[in-house]
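Structure file entry.cif (mmCIF, C-alpha atoms and all ligand atoms) is printed below.
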data_run
#
loop_
_atom_site.group_PDB
_atom_site.id
_atom_site.type_symbol
_atom_site.label_atom_id
_atom_site.label_comp_id
_atom_site.auth_asym_id
_atom_site.auth_seq_id
_atom_site.Cartn_x
_atom_site.Cartn_y
_atom_site.Cartn_z
ATOM 1 C CA MET B 22 90.389 88.923 125.723
ATOM 2 C CA ARG B 23 90.532 92.640 124.841
ATOM 3 C CA ASN B 24 92.309 92.729 121.449
ATOM 4 C CA PHE B 25 93.394 89.989 119.029
ATOM 5 C CA PHE B 26 96.750 90.855 117.605
ATOM 6 C CA ARG B 27 99.565 88.664 118.977
ATOM 7 C CA VAL B 28 99.669 84.953 119.878
ATOM 8 C CA SER B 29 99.812 85.846 123.584
ATOM 9 C CA ASP B 30 96.335 87.432 123.310
ATOM 10 C CA ILE B 31 94.691 84.025 122.824
ATOM 11 C CA GLY B 32 95.983 82.628 126.148
ATOM 12 C CA ASN B 33 97.009 78.971 126.476
ATOM 13 C CA LEU B 34 97.537 77.779 122.907
ATOM 14 C CA ASN B 35 96.621 74.120 123.492
ATOM 15 C CA GLU B 36 93.389 75.230 125.175
ATOM 16 C CA ALA B 37 92.658 77.632 122.305
ATOM 17 C CA VAL B 38 93.062 74.853 119.714
ATOM 18 C CA LYS B 39 90.789 72.555 121.756
ATOM 19 C CA GLU B 40 88.247 75.362 121.955
ATOM 20 C CA ALA B 41 88.504 75.861 118.185
ATOM 21 C CA LEU B 42 87.781 72.190 117.519
ATOM 22 C CA ASN B 43 84.780 72.398 119.868
ATOM 23 C CA VAL B 44 83.539 75.556 118.121
ATOM 24 C CA LYS B 45 83.961 73.814 114.760
ATOM 25 C CA ALA B 46 81.780 70.927 115.917
ATOM 26 C CA ASN B 47 79.182 73.227 117.556
ATOM 27 C CA ARG B 48 79.482 76.531 115.704
ATOM 28 C CA PHE B 49 75.910 77.722 116.454
ATOM 29 C CA ALA B 50 76.015 76.918 120.200
ATOM 30 C CA TRP B 51 76.863 80.525 121.194
ATOM 31 C CA LYS B 52 74.138 82.204 119.117
ATOM 32 C CA ASN B 53 73.008 84.296 122.115
ATOM 33 C CA LEU B 54 76.488 85.573 123.011
ATOM 34 C CA GLY B 55 76.513 88.213 120.284
ATOM 35 C CA MET B 56 72.819 89.117 120.400
ATOM 36 C CA ASN B 57 72.326 92.882 119.950
ATOM 37 C CA LYS B 58 76.060 93.286 119.364
ATOM 38 C CA THR B 59 77.613 94.747 116.213
ATOM 39 C CA ILE B 60 81.075 94.200 114.746
ATOM 40 C CA MET B 61 82.445 96.751 112.274
ATOM 41 C CA LEU B 62 84.811 95.140 109.740
ATOM 42 C CA VAL B 63 86.977 97.923 108.335
ATOM 43 C CA PHE B 64 88.926 97.150 105.157
ATOM 44 C CA PHE B 65 91.654 99.455 103.865
ATOM 45 C CA ASN B 66 92.716 96.627 101.469
ATOM 46 C CA ASN B 67 91.196 93.881 99.345
ATOM 47 C CA SER B 68 90.106 90.538 100.763
ATOM 48 C CA LEU B 69 88.144 87.407 99.912
ATOM 49 C CA ARG B 70 88.649 84.992 102.834
ATOM 50 C CA THR B 71 88.937 87.476 105.680
ATOM 51 C CA ARG B 72 85.904 89.458 104.553
ATOM 52 C CA LEU B 73 83.659 86.394 104.224
ATOM 53 C CA SER B 74 84.946 84.301 107.142
ATOM 54 C CA SER B 75 84.736 87.242 109.582
ATOM 55 C CA GLN B 76 81.143 87.953 108.605
ATOM 56 C CA LYS B 77 80.223 84.273 108.872
ATOM 57 C CA ALA B 78 81.934 83.953 112.273
ATOM 58 C CA ALA B 79 80.056 86.995 113.578
ATOM 59 C CA ILE B 80 76.726 85.641 112.298
ATOM 60 C CA ASN B 81 77.437 82.238 113.941
ATOM 61 C CA LEU B 82 77.737 84.104 117.269
ATOM 62 C CA GLY B 83 74.530 86.083 116.722
ATOM 63 C CA MET B 84 76.388 89.357 116.044
ATOM 64 C CA THR B 85 75.561 91.758 113.234
ATOM 65 C CA PRO B 86 78.572 92.417 110.994
ATOM 66 C CA ILE B 87 78.897 95.677 109.039
ATOM 67 C CA VAL B 88 81.615 95.867 106.379
ATOM 68 C CA LEU B 89 83.200 99.225 105.552
ATOM 69 C CA ASN B 90 85.549 99.520 102.579
ATOM 70 C CA ILE B 91 87.621 102.607 103.249
ATOM 71 C CA GLY B 92 87.928 104.873 100.220
ATOM 72 C CA GLN B 93 85.231 102.985 98.304
ATOM 73 C CA ASP B 94 82.161 103.101 100.582
ATOM 74 C CA SER B 95 83.590 105.876 102.767
ATOM 75 C CA TRP B 96 85.640 109.023 102.324
ATOM 76 C CA LYS B 97 89.335 108.472 101.756
ATOM 77 C CA LEU B 98 91.010 108.714 105.168
ATOM 78 C CA GLU B 99 94.128 110.629 106.125
ATOM 79 C CA THR B 100 96.182 108.515 108.543
ATOM 80 C CA GLU B 101 99.120 110.862 109.266
ATOM 81 C CA MET B 102 98.950 113.395 112.075
ATOM 82 C CA GLY B 103 99.972 117.009 111.507
ATOM 83 C CA VAL B 104 99.490 117.106 107.735
ATOM 84 C CA VAL B 105 97.736 119.873 105.783
ATOM 85 C CA MET B 106 94.736 118.003 104.396
ATOM 86 C CA ASP B 107 94.797 119.429 100.867
ATOM 87 C CA SER B 108 94.935 116.026 99.078
ATOM 88 C CA ASP B 109 92.028 113.781 97.985
ATOM 89 C CA LYS B 110 91.681 112.462 101.575
ATOM 90 C CA SER B 111 88.577 114.148 102.955
ATOM 91 C CA GLU B 112 88.447 112.814 106.523
ATOM 92 C CA HIS B 113 91.054 112.163 109.201
ATOM 93 C CA ILE B 114 91.278 108.782 110.902
ATOM 94 C CA ARG B 115 91.303 110.667 114.235
ATOM 95 C CA GLU B 116 87.604 111.555 113.753
ATOM 96 C CA ALA B 117 86.648 108.480 111.704
ATOM 97 C CA ILE B 118 87.713 105.931 114.356
ATOM 98 C CA PRO B 119 85.554 107.244 117.217
ATOM 99 C CA VAL B 120 82.644 107.726 114.810
ATOM 100 C CA ILE B 121 82.940 104.096 113.621
ATOM 101 C CA ALA B 122 83.266 102.974 117.254
ATOM 102 C CA SER B 123 80.068 104.764 118.239
ATOM 103 C CA TYR B 124 78.071 102.353 116.030
ATOM 104 C CA CYS B 125 79.563 99.037 117.198
ATOM 105 C CA ASP B 126 80.850 96.861 120.046
ATOM 106 C CA VAL B 127 83.886 95.261 118.349
ATOM 107 C CA ILE B 128 86.084 96.425 115.440
ATOM 108 C CA GLY B 129 88.081 94.350 112.945
ATOM 109 C CA VAL B 130 90.702 96.152 110.861
ATOM 110 C CA ARG B 131 92.538 95.155 107.681
ATOM 111 C CA SER B 132 95.367 97.571 107.015
ATOM 112 C CA PHE B 133 98.411 96.302 105.116
ATOM 113 C CA ALA B 134 101.969 97.520 105.499
ATOM 114 C CA GLY B 135 102.862 100.344 103.122
ATOM 115 C CA LEU B 136 106.390 98.854 102.802
ATOM 116 C CA GLN B 137 107.881 102.372 102.494
ATOM 117 C CA ASN B 138 108.761 103.084 106.130
ATOM 118 C CA ARG B 139 109.711 100.155 108.361
ATOM 119 C CA GLU B 140 109.268 102.081 111.604
ATOM 120 C CA TYR B 141 105.756 103.237 110.627
ATOM 121 C CA ASP B 142 104.754 99.681 109.635
ATOM 122 C CA TYR B 143 106.387 97.860 112.573
ATOM 123 C CA ASN B 144 104.818 100.298 115.062
ATOM 124 C CA GLU B 145 101.413 99.108 113.690
ATOM 125 C CA THR B 146 100.557 102.808 113.396
ATOM 126 C CA ILE B 147 97.044 102.387 111.981
ATOM 127 C CA LEU B 148 95.926 99.376 114.075
ATOM 128 C CA LYS B 149 97.195 101.026 117.261
ATOM 129 C CA GLN B 150 95.213 104.185 116.492
ATOM 130 C CA PHE B 151 92.069 102.008 116.305
ATOM 131 C CA MET B 152 92.999 100.501 119.688
ATOM 132 C CA GLU B 153 93.695 103.927 121.192
ATOM 133 C CA TYR B 154 90.858 106.041 119.800
ATOM 134 C CA SER B 155 87.958 103.556 119.525
ATOM 135 C CA GLY B 156 87.579 102.430 123.139
ATOM 136 C CA LYS B 157 86.437 99.099 121.668
ATOM 137 C CA PRO B 158 88.138 95.692 121.337
ATOM 138 C CA VAL B 159 90.056 95.444 118.062
ATOM 139 C CA ILE B 160 90.870 92.376 115.952
ATOM 140 C CA SER B 161 93.687 92.511 113.386
ATOM 141 C CA LEU B 162 92.289 91.190 110.109
ATOM 142 C CA GLU B 163 95.870 91.441 108.734
ATOM 143 C CA SER B 164 97.539 94.605 109.787
ATOM 144 C CA ALA B 165 101.008 95.884 108.947
ATOM 145 C CA THR B 166 102.979 93.143 110.703
ATOM 146 C CA VAL B 167 100.582 90.362 111.769
ATOM 147 C CA HIS B 168 97.708 88.182 110.542
ATOM 148 C CA PRO B 169 96.607 86.287 113.684
ATOM 149 C CA CYS B 170 93.314 84.932 112.275
ATOM 150 C CA GLN B 171 95.312 83.255 109.486
ATOM 151 C CA ALA B 172 97.996 81.810 111.767
ATOM 152 C CA PHE B 173 95.383 80.452 114.182
ATOM 153 C CA ALA B 174 93.485 78.821 111.289
ATOM 154 C CA ASP B 175 96.770 77.314 110.072
ATOM 155 C CA LEU B 176 97.512 75.891 113.517
ATOM 156 C CA ILE B 177 93.999 74.387 113.746
ATOM 157 C CA THR B 178 94.567 72.774 110.327
ATOM 158 C CA ILE B 179 97.929 71.320 111.394
ATOM 159 C CA GLU B 180 96.311 69.928 114.546
ATOM 160 C CA GLU B 181 93.602 68.269 112.436
ATOM 161 C CA TYR B 182 96.001 66.665 109.938
ATOM 162 C CA LYS B 183 99.172 65.889 111.908
ATOM 163 C CA LYS B 184 100.159 62.199 112.019
ATOM 164 C CA CYS B 185 102.593 62.442 114.926
ATOM 165 C CA LYS B 186 102.608 64.346 118.212
ATOM 166 C CA ARG B 187 105.299 66.840 117.196
ATOM 167 C CA PRO B 188 105.360 67.298 113.403
ATOM 168 C CA LYS B 189 108.100 69.044 111.425
ATOM 169 C CA VAL B 190 106.654 72.222 109.923
ATOM 170 C CA VAL B 191 108.678 74.112 107.310
ATOM 171 C CA MET B 192 107.838 77.634 106.165
ATOM 172 C CA THR B 193 109.493 78.412 102.857
ATOM 173 C CA TRP B 194 109.888 81.714 101.042
ATOM 174 C CA ALA B 195 108.768 81.363 97.395
ATOM 175 C CA PRO B 196 108.981 83.776 94.444
ATOM 176 C CA HIS B 197 106.325 86.362 93.552
ATOM 177 C CA PRO B 198 106.282 89.217 91.013
ATOM 178 C CA LYS B 199 105.262 91.913 93.522
ATOM 179 C CA ALA B 200 106.488 93.109 96.918
ATOM 180 C CA LEU B 201 104.303 91.560 99.635
ATOM 181 C CA PRO B 202 104.096 92.368 103.366
ATOM 182 C CA GLN B 203 105.582 90.150 106.079
ATOM 183 C CA ALA B 204 102.379 89.884 108.163
ATOM 184 C CA VAL B 205 101.511 86.281 107.232
ATOM 185 C CA PRO B 206 105.022 84.833 107.705
ATOM 186 C CA ASN B 207 105.526 86.872 110.893
ATOM 187 C CA SER B 208 102.359 85.505 112.464
ATOM 188 C CA PHE B 209 102.846 81.961 111.168
ATOM 189 C CA ALA B 210 106.355 81.978 112.669
ATOM 190 C CA GLU B 211 105.137 83.456 115.950
ATOM 191 C CA TRP B 212 102.343 80.870 116.313
ATOM 192 C CA MET B 213 104.522 77.902 115.255
ATOM 193 C CA CYS B 214 107.241 78.934 117.727
ATOM 194 C CA ALA B 215 104.584 78.807 120.458
ATOM 195 C CA ALA B 216 103.081 75.496 119.252
ATOM 196 C CA ASP B 217 104.185 71.901 119.833
ATOM 197 C CA VAL B 218 105.997 71.523 116.478
ATOM 198 C CA ASP B 219 109.566 71.449 115.150
ATOM 199 C CA PHE B 220 109.631 74.650 113.128
ATOM 200 C CA VAL B 221 112.070 75.484 110.335
ATOM 201 C CA ILE B 222 112.154 78.631 108.178
ATOM 202 C CA THR B 223 113.928 78.531 104.831
ATOM 203 C CA GLN B 224 114.577 81.663 102.777
ATOM 204 C CA PRO B 225 117.236 83.273 100.586
ATOM 205 C CA HIS B 226 119.745 85.534 102.353
ATOM 206 C CA GLY B 227 118.294 88.998 103.038
ATOM 207 C CA TYR B 228 114.772 87.711 103.788
ATOM 208 C CA GLU B 229 115.349 87.165 107.539
ATOM 209 C CA LEU B 230 112.147 87.966 109.460
ATOM 210 C CA ASP B 231 112.108 90.118 112.575
ATOM 211 C CA PRO B 232 113.491 88.008 115.469
ATOM 212 C CA GLU B 233 110.525 89.223 117.543
ATOM 213 C CA PHE B 234 108.485 86.603 115.635
ATOM 214 C CA THR B 235 111.042 83.833 115.051
ATOM 215 C CA GLN B 236 112.474 83.073 118.513
ATOM 216 C CA GLY B 237 112.919 79.280 118.656
ATOM 217 C CA ALA B 238 112.742 78.643 114.899
ATOM 218 C CA ILE B 239 115.566 76.899 113.033
ATOM 219 C CA ILE B 240 116.735 78.991 110.048
ATOM 220 C CA GLU B 241 118.010 76.921 107.101
ATOM 221 C CA TYR B 242 119.143 78.680 103.906
ATOM 222 C CA ASP B 243 119.358 75.411 101.926
ATOM 223 C CA GLN B 244 115.716 74.912 100.899
ATOM 224 C CA MET B 245 116.009 71.221 99.923
ATOM 225 C CA LYS B 246 117.778 70.413 103.187
ATOM 226 C CA ALA B 247 114.996 72.206 105.089
ATOM 227 C CA PHE B 248 112.338 70.160 103.273
ATOM 228 C CA GLU B 249 113.883 66.781 104.208
ATOM 229 C CA GLY B 250 111.481 64.803 106.404
ATOM 230 C CA ALA B 251 108.960 67.658 106.669
ATOM 231 C CA ASP B 252 105.352 66.824 107.581
ATOM 232 C CA PHE B 253 103.941 70.208 106.528
ATOM 233 C CA ILE B 254 105.266 72.678 103.933
ATOM 234 C CA TYR B 255 103.937 76.234 104.331
ATOM 235 C CA ALA B 256 104.820 78.359 101.302
ATOM 236 C CA LYS B 257 104.693 82.158 101.307
ATOM 237 C CA ASN B 258 106.357 85.069 99.622
ATOM 238 C CA TRP B 259 107.423 88.108 101.568
ATOM 239 C CA SER B 260 109.414 91.212 100.712
ATOM 240 C CA CYS B 261 112.661 92.180 102.428
ATOM 241 C CA PRO B 262 111.882 92.628 106.154
ATOM 242 C CA GLY B 263 114.816 95.044 106.512
ATOM 243 C CA VAL B 264 116.398 93.114 109.383
ATOM 244 C CA THR B 265 119.780 92.280 107.841
ATOM 245 C CA LEU B 266 119.389 94.761 104.949
ATOM 246 C CA PRO B 267 117.692 97.866 106.467
ATOM 247 C CA ASP B 268 117.988 99.948 103.269
ATOM 248 C CA LYS B 269 116.140 97.267 101.259
ATOM 249 C CA TYR B 270 112.995 97.184 103.453
ATOM 250 C CA GLY B 271 109.884 96.246 101.461
ATOM 251 C CA GLN B 272 111.821 95.432 98.280
ATOM 252 C CA VAL B 273 111.853 92.305 96.093
ATOM 253 C CA LEU B 274 115.390 90.909 96.419
ATOM 254 C CA SER B 275 114.905 87.723 94.404
ATOM 255 C CA LYS B 276 112.569 86.097 91.896
ATOM 256 C CA ASP B 277 114.569 82.860 91.839
ATOM 257 C CA MET B 278 112.137 80.302 90.415
ATOM 258 C CA SER B 279 114.154 77.415 91.862
ATOM 259 C CA TRP B 280 112.419 78.320 95.172
ATOM 260 C CA MET B 281 108.951 77.518 93.748
ATOM 261 C CA VAL B 282 107.488 74.490 95.568
ATOM 262 C CA ASP B 283 107.187 71.677 93.025
ATOM 263 C CA SER B 284 107.041 67.879 93.065
ATOM 264 C CA ALA B 285 110.859 67.606 93.253
ATOM 265 C CA HIS B 286 110.777 69.609 96.487
ATOM 266 C CA MET B 287 107.876 67.618 97.920
ATOM 267 C CA ALA B 288 109.648 64.310 97.067
ATOM 268 C CA VAL B 289 112.222 64.794 99.853
ATOM 269 C CA THR B 290 109.542 65.425 102.514
ATOM 270 C CA ASN B 291 107.712 62.889 104.686
ATOM 271 C CA ASN B 292 104.802 62.914 102.185
ATOM 272 C CA ALA B 293 104.134 66.410 103.520
ATOM 273 C CA TYR B 294 100.921 68.340 103.330
ATOM 274 C CA PHE B 295 101.155 71.568 101.322
ATOM 275 C CA MET B 296 99.802 74.755 102.892
ATOM 276 C CA HIS B 297 99.347 78.357 101.719
ATOM 277 C CA CYS B 298 97.118 81.115 103.096
ATOM 278 C CA LEU B 299 95.748 82.087 99.630
ATOM 279 C CA PRO B 300 95.467 83.917 97.333
ATOM 280 C CA VAL B 301 98.331 82.078 95.642
ATOM 281 C CA ARG B 302 100.064 82.600 92.298
ATOM 282 C CA ARG B 303 100.133 79.175 90.655
ATOM 283 C CA ASN B 304 103.411 78.210 89.014
ATOM 284 C CA MET B 305 105.168 81.064 90.839
ATOM 285 C CA ILE B 306 104.754 80.014 94.487
ATOM 286 C CA VAL B 307 103.648 76.422 93.842
ATOM 287 C CA SER B 308 103.308 74.168 90.819
ATOM 288 C CA ASP B 309 99.850 73.038 89.694
ATOM 289 C CA ASP B 310 100.529 69.396 90.543
ATOM 290 C CA VAL B 311 101.450 70.190 94.155
ATOM 291 C CA ILE B 312 98.499 72.478 94.880
ATOM 292 C CA ASP B 313 96.092 70.120 93.106
ATOM 293 C CA ALA B 314 97.371 67.011 94.923
ATOM 294 C CA PRO B 315 95.274 65.329 97.658
ATOM 295 C CA THR B 316 97.971 66.465 100.130
ATOM 296 C CA SER B 317 97.165 70.135 99.515
ATOM 297 C CA LEU B 318 95.337 71.717 102.484
ATOM 298 C CA VAL B 319 94.748 75.201 101.050
ATOM 299 C CA ILE B 320 90.938 74.924 101.047
ATOM 300 C CA GLN B 321 90.836 73.371 104.531
ATOM 301 C CA GLU B 322 92.965 76.259 105.869
ATOM 302 C CA ALA B 323 90.635 78.800 104.299
ATOM 303 C CA ALA B 324 87.598 77.021 105.768
ATOM 304 C CA ASN B 325 89.204 77.158 109.209
ATOM 305 C CA ARG B 326 89.373 80.952 108.941
ATOM 306 C CA GLU B 327 85.705 80.962 109.986
ATOM 307 C CA ILE B 328 86.650 79.000 113.113
ATOM 308 C CA SER B 329 89.694 81.052 114.113
ATOM 309 C CA ALA B 330 87.703 84.276 113.702
ATOM 310 C CA GLN B 331 84.792 82.820 115.671
ATOM 311 C CA VAL B 332 87.025 81.797 118.597
ATOM 312 C CA ALA B 333 88.646 85.266 118.664
ATOM 313 C CA MET B 334 85.262 87.014 118.566
ATOM 314 C CA LYS B 335 83.819 84.615 121.167
ATOM 315 C CA LYS B 336 86.660 85.357 123.584
ATOM 316 C CA ILE B 337 86.203 89.105 123.058
ATOM 317 C CA LEU B 338 82.430 88.898 123.586
ATOM 318 C CA GLU B 339 82.972 86.845 126.751
ATOM 319 C CA GLY B 340 85.303 89.623 127.970
ATOM 320 C CA LEU B 341 82.598 92.277 127.403
ATOM 321 C CA LYS B 342 80.210 90.648 129.883
HETATM 322 N N1 LIG Z 1 94.420 84.685 103.486
HETATM 323 C C1 LIG Z 1 93.723 85.833 103.471
HETATM 324 O O1 LIG Z 1 93.770 86.656 104.413
HETATM 325 O O2 LIG Z 1 92.950 85.986 102.365
HETATM 326 P P1 LIG Z 1 92.233 87.335 101.920
HETATM 327 O O3 LIG Z 1 93.332 88.352 101.663
HETATM 328 O O4 LIG Z 1 91.463 86.998 100.674
HETATM 329 O O5 LIG Z 1 91.350 87.806 103.026
#

Take the structure in this file and express it as structure tokens.
Ligand code: CP
Amino acid sequence: MRNFFRVSDIGNLNEAVKEALNVKANRFAWKNLGMNKTIMLVFFNNSLRTRLSSQKAAINLGMTPIVLNIGQDSWKLETEMGVVMDSDKSEHIREAIPVIASYCDVIGVRSFAGLQNREYDYNETILKQFMEYSGKPVISLESATVHPCQAFADLITIEEYKKCKRPKVVMTWAPHPKALPQAVPNSFAEWMCAADVDFVITQPHGYELDPEFTQGAIIEYDQMKAFEGADFIYAKNWSCPGVTLPDKYGQVLSKDMSWMVDSAHMAVTNNAYFMHCLPVRRNMIVSDDVIDAPTSLVIQEAANREISAQVAMKKILEGLK
């Protein structure tokens, strides 16, 4: 594997999940694979899980991780080409990327969508510059439109907890005070559409995700109807993707609290597990009783982030040989 960005990068999905479960049971078995190799973990945005799980995954494989917080540890970087650099941004990404690459073998990048310009975000302008100018394999650690390490961890978790061969998985939009990117729901949709599950997305009108990620999903605007018989509920907020409402891209269209996942919603499911990628706003996205119930898998999903990152890094290291 060269880069880890889209679900197709991981190859056969069933095989990848099997490999993940094997890695989970034997996480130190490939300690020599990353010997004398360095991974640079570049963060343009905040993180708890991705930062820690990526470092742990690299260490499990014998790699040395180096974390760089852009603008805090480093100079502020200019990411636009052709601008007069008279702002507070002291270095251009065009020089910074090859410099970073000269110190490492693999690069992970966290770079959220700006939510101002859909074309800029959906072209993955920053991640693609890392792919183009580094000459090194690149892992998206949540870039403008995708979060593959999260979606893979979510799929591993569903595989571990499913009670039937083909469970019903429902991703629901839920309210949030701020405008959030679409990377997590895009990737979750993309991975669920490729997995052996019945996948339903429920959202208010205007929140339709890019069809590039949702081919094969059932879209149901009635949230309670969508929840009926569900085995897994995956809650997430996202801002307007600009698909049906192009002029509203990146905006908050609704804060309708009736979309918060509470016990009344969960009551119509098939005793469903509750999932969320975290961080989560309690009593906005999900009520305390639902997230604190034994059927909540939020910690298990987060723990599996170490495994999804390790499988992605393992496949990249195997490709370097
Ligand atoms: N889910 C996730 O990516 O968490 P962090 O933003 O804390 O890394």

Review point. Can you tell me, as a PyMOL selection string, which residues sit within 10 Å of (88.1, 72.4, 116.0) in the file's frame, using only C-alpha atoms?
Key: chain B and resi 37-48+174+177-178+180-181+325+328-329+332

Grab the residues selected above and save them as a CSV table (one decimal), in the coordinates of the input with C-alpha atoms.
chain,number,residue,atom,x,y,z
B,37,ALA,CA,92.7,77.6,122.3
B,38,VAL,CA,93.1,74.9,119.7
B,39,LYS,CA,90.8,72.6,121.8
B,40,GLU,CA,88.2,75.4,122.0
B,41,ALA,CA,88.5,75.9,118.2
B,42,LEU,CA,87.8,72.2,117.5
B,43,ASN,CA,84.8,72.4,119.9
B,44,VAL,CA,83.5,75.6,118.1
B,45,LYS,CA,84.0,73.8,114.8
B,46,ALA,CA,81.8,70.9,115.9
B,47,ASN,CA,79.2,73.2,117.6
B,48,ARG,CA,79.5,76.5,115.7
B,174,ALA,CA,93.5,78.8,111.3
B,177,ILE,CA,94.0,74.4,113.7
B,178,THR,CA,94.6,72.8,110.3
B,180,GLU,CA,96.3,69.9,114.5
B,181,GLU,CA,93.6,68.3,112.4
B,325,ASN,CA,89.2,77.2,109.2
B,328,ILE,CA,86.6,79.0,113.1
B,329,SER,CA,89.7,81.1,114.1
B,332,VAL,CA,87.0,81.8,118.6

Exercise for review: Give as a VMD selection string every residue, naming chains and numbers as the document does, that has an atom within 8 Å of (110.6, 85.4, 90.3), counting all atoms listed in the file.
Suggested key: chain B and resid 196 to 198 275 to 278 305

Practice item. Could you give me, as a PyMOL selection string, the residues within 10 Å of Met245 of chain B, counting all atoms listed in the file and dropping anything in the same chain fewer than 2 positions from it? Key: chain B and resi 223+241-243+247-249+280+285-290

Exercise for review: Run the PyMOL selection byres (((not hetatm)) within 10 of (chain Z and resi 1)) against the file shown and list the residues it catches, as a PyMOL selection string.
Suggested key: chain B and resi 64+66-75+131+162-163+168-172+174+204-205+297-301+319+322-323+326

**Study point:** Chain and number of each residue from the PyMOL selection byres (((chain B and resi 110) around 6) and not hetatm), as number ranges by chain
**Key:** B: 97-99, 108-109, 111-112

Practice item. Run the PyMOL selection byres (((chain B and resi 150) around 12) and not hetatm) against the file shown and list the residues it catches, as a count of residues only. Key: 27

Check your understanding: Can you list, as number ranges by chain, every protein, DNA or RNA residue that comes within 9 Å of Ile312 of chain B when you count all atoms listed in the file, leaving out same-chain residues fewer than 4 positions away?
Key -> B: 283, 295-296, 303, 307-308, 316-319

How close does each residue of segment 231-271 of chain B get to segment 217-221 of chain B, giving the shortest atom pair and distance in Å to one decimal for every residue with an atom at most 10 Å away, counting all atoms listed in the file, sorted by chain and residue number, as a Markdown table?
| residue | atom | partner | partner_atom | distance |
| --- | --- | --- | --- | --- |
| B:Thr235 | CA | B:Phe220 | CA | 9.5 |
| B:Gly237 | CA | B:Phe220 | CA | 7.9 |
| B:Ala238 | CA | B:Phe220 | CA | 5.4 |
| B:Ile239 | CA | B:Val221 | CA | 4.6 |
| B:Ile240 | CA | B:Val221 | CA | 5.8 |
| B:Glu241 | CA | B:Val221 | CA | 6.9 |
| B:Ala247 | CA | B:Val221 | CA | 6.8 |
| B:Phe248 | CA | B:Val221 | CA | 8.8 |
| B:Ala251 | CA | B:Val221 | CA | 9.2 |
| B:Asp252 | CA | B:Asp219 | CA | 9.8 |
| B:Phe253 | CA | B:Phe220 | CA | 9.8 |
| B:Ile254 | CA | B:Val221 | CA | 9.8 |

Check your understanding: What does the distance between atom CA of Phe173 of chain B and atom CA of Lys257 of chain B come to in Å, to one decimal place?
Key ->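 Separating atom CA of Phe173 of chain B from atom CA of Lys257 of chain B is a distance of 16.0 Å.
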
Your completed segment 26-36 of chain B with N, CA, C and O atoms, as a compact mmCIF listing (two decimals), in the coordinates of the input:
# COMPACT_ATOMS: atom_id res chain seq x y z
N PHE B 26 95.68 90.22 118.34
CA PHE B 26 96.75 90.86 117.60
C PHE B 26 97.98 89.94 117.61
O PHE B 26 98.48 89.53 116.58
N ARG B 27 98.41 89.54 118.83
CA ARG B 27 99.56 88.66 118.98
C ARG B 27 99.14 87.31 119.55
O ARG B 27 98.06 87.18 120.13
N VAL B 28 100.02 86.30 119.42
CA VAL B 28 99.67 84.95 119.88
C VAL B 28 99.37 84.95 121.37
O VAL B 28 98.51 84.18 121.85
N SER B 29 100.03 85.81 122.12
CA SER B 29 99.81 85.85 123.58
C SER B 29 98.39 86.27 123.93
O SER B 29 97.90 85.96 125.03
N ASP B 30 97.70 86.97 123.02
CA ASP B 30 96.34 87.43 123.31
C ASP B 30 95.36 86.27 123.50
O ASP B 30 94.36 86.40 124.19
N ILE B 31 95.65 85.14 122.84
CA ILE B 31 94.69 84.02 122.82
C ILE B 31 94.79 83.17 124.09
O ILE B 31 93.95 82.31 124.34
N GLY B 32 95.82 83.41 124.92
CA GLY B 32 95.98 82.63 126.15
C GLY B 32 96.67 81.31 125.86
O GLY B 32 97.47 81.22 124.92
N ASN B 33 96.37 80.28 126.65
CA ASN B 33 97.01 78.97 126.48
C ASN B 33 96.68 78.42 125.08
O ASN B 33 95.51 78.23 124.72
N LEU B 34 97.74 78.14 124.31
CA LEU B 34 97.54 77.78 122.91
C LEU B 34 96.86 76.42 122.74
O LEU B 34 95.99 76.25 121.88
N ASN B 35 97.26 75.44 123.57
CA ASN B 35 96.62 74.12 123.49
C ASN B 35 95.13 74.23 123.79
O ASN B 35 94.30 73.61 123.11
N GLU B 36 94.80 75.04 124.82
CA GLU B 36 93.39 75.23 125.18
C GLU B 36 92.64 75.93 124.04
O GLU B 36 91.48 75.62 123.75
